[in-house]
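File shown: target_24.csv (CSV, C-alpha atoms).
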```csv
chain,number,residue,atom,x,y,z
A,174,MET,CA,101.9,6.8,-23.2
A,175,LYS,CA,100.7,10.5,-22.9
A,176,PRO,CA,97.9,11.0,-20.3
A,177,GLY,CA,95.8,14.2,-20.4
A,178,LEU,CA,93.4,16.1,-18.1
A,179,THR,CA,91.2,19.0,-19.0
A,180,LEU,CA,89.8,21.2,-16.1
A,181,PRO,CA,86.6,23.3,-16.3
A,182,THR,CA,88.2,26.8,-16.0
A,183,GLY,CA,86.0,28.7,-18.4
A,184,ASP,CA,82.4,30.0,-18.1
A,185,GLU,CA,80.2,27.5,-20.1
A,186,ASP,CA,77.2,29.9,-19.9
A,187,LYS,CA,79.3,32.3,-22.1
A,188,GLY,CA,80.5,29.5,-24.4
A,189,LEU,CA,83.9,29.4,-22.8
A,190,GLY,CA,84.4,25.7,-22.0
A,191,ALA,CA,82.4,22.6,-21.6
A,192,GLY,CA,81.7,23.0,-17.9
A,193,LYS,CA,83.1,19.6,-16.9
A,194,SER,CA,86.4,17.9,-16.5
A,195,GLY,CA,87.7,15.6,-19.2
A,196,TYR,CA,90.5,13.0,-19.4
A,197,GLY,CA,92.3,11.0,-22.0
A,198,ALA,CA,95.4,9.1,-23.1
A,199,PHE,CA,97.5,8.7,-26.2
A,200,LEU,CA,99.7,5.9,-27.2
A,201,ILE,CA,102.5,7.1,-29.4
A,202,CYS,CA,105.0,4.8,-31.2
A,203,SER,CA,107.9,5.7,-33.5
A,204,LEU,CA,110.1,3.8,-35.8
A,205,ASP,CA,113.5,5.3,-36.6
A,206,ARG,CA,115.1,4.3,-39.9
A,207,SER,CA,117.2,7.5,-40.2
A,208,PRO,CA,116.9,9.6,-42.2
A,209,PHE,CA,113.3,8.3,-42.4
A,210,MET,CA,110.9,8.0,-39.4
A,211,VAL,CA,107.3,6.7,-39.0
A,212,HIS,CA,105.0,7.6,-36.1
A,213,THR,CA,101.6,6.3,-35.0
A,214,ASN,CA,99.4,8.0,-32.6
A,215,ILE,CA,96.2,6.5,-31.2
A,216,GLY,CA,94.2,8.2,-28.5
A,217,TYR,CA,91.0,8.5,-26.5
A,218,PHE,CA,89.4,11.5,-24.9
A,219,ARG,CA,86.4,11.6,-22.5
A,220,ASN,CA,84.6,14.7,-23.7
A,221,GLN,CA,82.3,15.3,-20.8
A,222,ASN,CA,80.2,18.3,-21.6
A,223,LYS,CA,76.9,20.1,-21.3
A,224,SER,CA,76.5,21.0,-25.0
A,225,GLY,CA,75.3,17.6,-26.3
A,226,GLU,CA,78.6,16.6,-28.0
A,227,ARG,CA,79.7,13.0,-28.1
A,228,GLU,CA,81.6,12.1,-25.0
A,229,ASN,CA,83.8,9.2,-26.2
A,230,LEU,CA,86.2,10.6,-28.8
A,231,TRP,CA,88.9,8.6,-30.6
A,232,TYR,CA,91.9,9.8,-32.6
A,233,ALA,CA,94.3,8.0,-34.9
A,234,SER,CA,97.1,9.3,-37.1
A,235,LEU,CA,100.1,8.1,-39.1
A,236,ALA,CA,103.0,10.4,-39.7
A,237,SER,CA,106.4,10.4,-41.3
A,238,ASP,CA,109.4,12.6,-41.5
A,239,TYR,CA,112.4,12.6,-43.7
A,240,ALA,CA,115.6,14.5,-42.8
A,241,VAL,CA,116.6,16.1,-46.1
A,242,ASN,CA,119.8,17.4,-44.5
A,243,ASP,CA,121.0,18.5,-41.1
A,244,ALA,CA,118.8,21.6,-41.1
A,245,LEU,CA,115.7,20.6,-43.2
A,246,THR,CA,113.1,17.9,-42.5
A,247,ALA,CA,110.0,17.2,-44.6
A,248,VAL,CA,106.9,16.0,-42.7
A,249,ALA,CA,103.6,14.4,-43.5
A,250,ASN,CA,100.6,13.3,-41.4
A,251,ILE,CA,97.2,11.7,-42.1
A,252,CYS,CA,94.6,11.7,-39.4
A,253,LEU,CA,91.0,10.9,-38.6
A,254,GLU,CA,89.1,11.4,-35.4
A,255,THR,CA,85.6,10.9,-33.9
A,256,ASN,CA,83.2,13.6,-34.9
A,257,PRO,CA,82.0,15.3,-31.7
A,258,ASP,CA,78.7,16.0,-33.5
A,259,PRO,CA,76.3,13.2,-32.6
A,260,GLU,CA,74.3,13.8,-35.8
A,261,THR,CA,77.0,12.2,-38.0
A,262,ASP,CA,79.2,9.1,-37.9
A,263,THR,CA,81.6,10.4,-40.5
A,264,PRO,CA,85.0,11.1,-38.9
A,265,PRO,CA,86.8,14.4,-39.8
A,266,ALA,CA,89.9,13.5,-41.8
A,267,PHE,CA,92.9,15.5,-43.0
A,268,LEU,CA,96.3,15.3,-44.7
A,269,LEU,CA,99.1,17.6,-43.6
A,270,GLY,CA,102.4,18.3,-45.3
A,271,GLY,CA,105.2,20.6,-44.3
A,272,LEU,CA,108.8,21.5,-43.6
A,273,ILE,CA,110.8,22.0,-40.5
A,274,TYR,CA,113.9,24.2,-40.6
A,275,SER,CA,116.4,23.9,-37.7
A,276,VAL,CA,118.1,27.2,-37.2
A,277,ASN,CA,120.3,25.7,-34.6
A,278,ASP,CA,120.1,23.1,-31.8
A,279,THR,CA,117.4,25.1,-29.9
A,280,ILE,CA,115.3,26.8,-32.6
A,281,ASP,CA,113.1,25.1,-35.2
A,282,ILE,CA,110.8,27.0,-37.6
A,283,ASP,CA,108.1,25.1,-39.4
A,284,GLY,CA,105.3,25.6,-41.9
A,285,GLY,CA,102.8,23.5,-43.6
A,286,VAL,CA,99.5,23.1,-45.4
A,287,LYS,CA,96.6,21.0,-44.0
A,288,PHE,CA,94.0,19.6,-46.5
A,289,GLY,CA,90.6,18.4,-45.4
A,290,LEU,CA,89.7,15.0,-46.9
A,291,ASN,CA,86.0,15.3,-46.3
A,292,LYS,CA,83.4,18.0,-45.5
A,293,TYR,CA,83.9,17.7,-41.8
A,294,GLU,CA,87.4,19.3,-42.0
A,295,ALA,CA,88.3,22.7,-43.4
A,296,ASP,CA,89.2,22.5,-47.1
A,297,TYR,CA,92.7,23.8,-46.3
A,298,SER,CA,94.7,25.6,-43.6
A,299,PHE,CA,98.1,27.2,-43.6
A,300,LEU,CA,100.1,26.5,-40.5
A,301,ALA,CA,103.3,28.0,-39.0
A,302,GLY,CA,105.2,27.6,-35.8
A,303,MET,CA,108.4,27.8,-33.9
A,304,THR,CA,109.9,25.5,-31.3
A,305,LEU,CA,112.4,26.5,-28.6
A,306,ALA,CA,114.1,23.6,-27.0
A,307,TYR,CA,116.4,23.8,-24.0
```

Rendering of file as structure tokens:
Amino acid sequence: MKPGLTLPTGDEDKGLGAGKSGYGAFLICSLDRSPFMVHTNIGYFRNQNKSGERENLWYASLASDYAVNDALTAVANICLETNPDPETDTPPAFLLGGLIYSVNDTIDIDGGVKFGLNKYEADYSFLAGMTLAY
């Protein structure tokens, strides 16, 4: 279980924040069948706001990763979530694929491509990141 809290620290009159606190929780489960893993992620967020967006937002994803070798892992994720726009009931959905390269025990470098599965997600996005673990 991963709880979350959002505090109104921005200036909503300038478009910097929703002007209200929000809260939520995610339930994350993983199945390890090394070198293959499967992860599920289901969550809820209370999107209290002054901009007319939906307030009850749900999120669900299914992901997997495959350890190609000690340094390289292939990853994939498919997700859909509640559209905050109250004018539509179609949830944004995407598919993501990528690679994680472990430089050593504390540094991972990753990259991937995210593909929108409907018009409520960007057609594609390129992603990159680095993780430092101590």

message: As an exercise, work out the distance from CA of Ala295 (chain A) to CA of Asn256 (chain A) in Å and give it to one decimal place.
response: 13.5 Å

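With distances taken over all atoms listed in the file, A:Tyr293 is the one residue among A:Asp283, A:Tyr293, A:Met174, A:Leu204 lying closest to Thr261 (chain A).
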
task: Counting only C-alpha atoms, figure out which residue out of A:Arg227, A:Tyr274, A:Thr182, A:Tyr232 gets nearest to Phe199 (chain A).
output: A:Tyr232

Pull the closest atom pair for each residue of region 186-286 of chain A that gets at most 8 Å from region 297-300 of chain A, along with the distance in Å to one decimal, counting all atoms listed in the file, ordering rows by chain and then ascending residue number, as CSV.
```
residue,atom,partner,partner_atom,distance
A:Gly284,CA,A:Leu300,CA,5.5
A:Gly285,CA,A:Leu300,CA,5.1
A:Val286,CA,A:Phe299,CA,4.7
```

Could those selected residues go to a file with C-alpha atoms, as a short mmCIF file (atom, residue, chain, number, x, y, z; two decimals), in the coordinates of the input?
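Output below, filename selection-v6.cif:
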```cif
data_model
loop_
_atom_site.label_atom_id
_atom_site.label_comp_id
_atom_site.auth_asym_id
_atom_site.auth_seq_id
_atom_site.Cartn_x
_atom_site.Cartn_y
_atom_site.Cartn_z
CA GLY A 284 105.30 25.60 -41.90
CA GLY A 285 102.80 23.50 -43.60
CA VAL A 286 99.50 23.10 -45.40
#
```

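Considering all atoms listed in the file, the residue among A:Leu253, A:Ala266, A:Ala191, A:Leu272 positioned nearest to Ala240 (chain A) is A:Leu272.
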
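Using all atoms listed in the file, the shortest contact distance between Ser237 (chain A) and any of A:Val211, A:Leu305, A:Ile251, A:Leu189 is found at A:Val211.
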
query: Quick one: residues within 12 Å of Ala244 (chain A), only C-alpha atoms counted, chain neighbours fewer than 2 positions away excluded, as a PyMOL selection string?
result: chain A and resi 239-242+246-247+272-283

query: Can you list, as a PyMOL selection string, every protein, DNA or RNA residue that comes within 8 Å of Leu180 (chain A) when you count only C-alpha atoms, leaving out same-chain residues fewer than 3 positions away?
result: chain A and resi 193-195

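The shortest atom-to-atom distance to Asn250 (chain A), with only C-alpha atoms taken into account, belongs to A:Gly289 out of A:Pro208, A:Gly289, A:Gly188, A:Gly183.
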
- prompt: So which residues fall inside 9 Å of (91.1, 16.4, -47.4) if we count all atoms listed in the file? Mind giving them as a PyMOL selection string?
  reply: chain A and resi 265-269+287-292+294-297

query: Which residue out of A:Arg219, A:Val248, A:Glu254, A:Asp205 has the minimum interatomic distance to Ser234 (chain A) when all atoms listed in the file are used?
result: A:Glu254

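CA of Thr179 (chain A) is found 24.8 Å from CA of His212 (chain A).
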
Given 3 Å of margin on each side, can you work out the centre and size in Å (one decimal) of an axis-aligned box holding every listed atom of region 237-249 of chain A, as JSON?
```
{"center_x": 112.3, "center_y": 16.0, "center_z": -43.6, "size_x": 23.4, "size_y": 17.2, "size_z": 11.0}
```

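Separating CA of Leu230 (chain A) from CA of Thr263 (chain A) is a distance of 12.6 Å.
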
- prompt: What lies within 10 Å of Asn229 (chain A) using all atoms listed in the file, ignoring chain neighbours under 5 positions off, as number ranges by chain?
  reply: A: 197, 217-221, 255-257

Can you spit out the residues from that selection as a PDB file, in the frame of the given file, using C-alpha atoms?
```pdb
ATOM      1  CA  GLY A 197      92.300  11.000 -22.000  1.00  0.00           C
ATOM      2  CA  TYR A 217      91.000   8.500 -26.500  1.00  0.00           C
ATOM      3  CA  PHE A 218      89.400  11.500 -24.900  1.00  0.00           C
ATOM      4  CA  ARG A 219      86.400  11.600 -22.500  1.00  0.00           C
ATOM      5  CA  ASN A 220      84.600  14.700 -23.700  1.00  0.00           C
ATOM      6  CA  GLN A 221      82.300  15.300 -20.800  1.00  0.00           C
ATOM      7  CA  THR A 255      85.600  10.900 -33.900  1.00  0.00           C
ATOM      8  CA  ASN A 256      83.200  13.600 -34.900  1.00  0.00           C
ATOM      9  CA  PRO A 257      82.000  15.300 -31.700  1.00  0.00           C
TER      10      PRO A 257
END
```

Env of Lys175 (chain A): 8 Å cut, atoms = only C-alpha atoms, seq-sep filter 6 positions within chain, self excluded. Answer as a PDB file with C-alpha atoms, in the frame of the given file.
```pdb
ATOM      1  CA  ALA A 198      95.400   9.100 -23.100  1.00  0.00           C
ATOM      2  CA  PHE A 199      97.500   8.700 -26.200  1.00  0.00           C
ATOM      3  CA  LEU A 200      99.700   5.900 -27.200  1.00  0.00           C
ATOM      4  CA  ILE A 201     102.500   7.100 -29.400  1.00  0.00           C
TER       5      ILE A 201
END
```
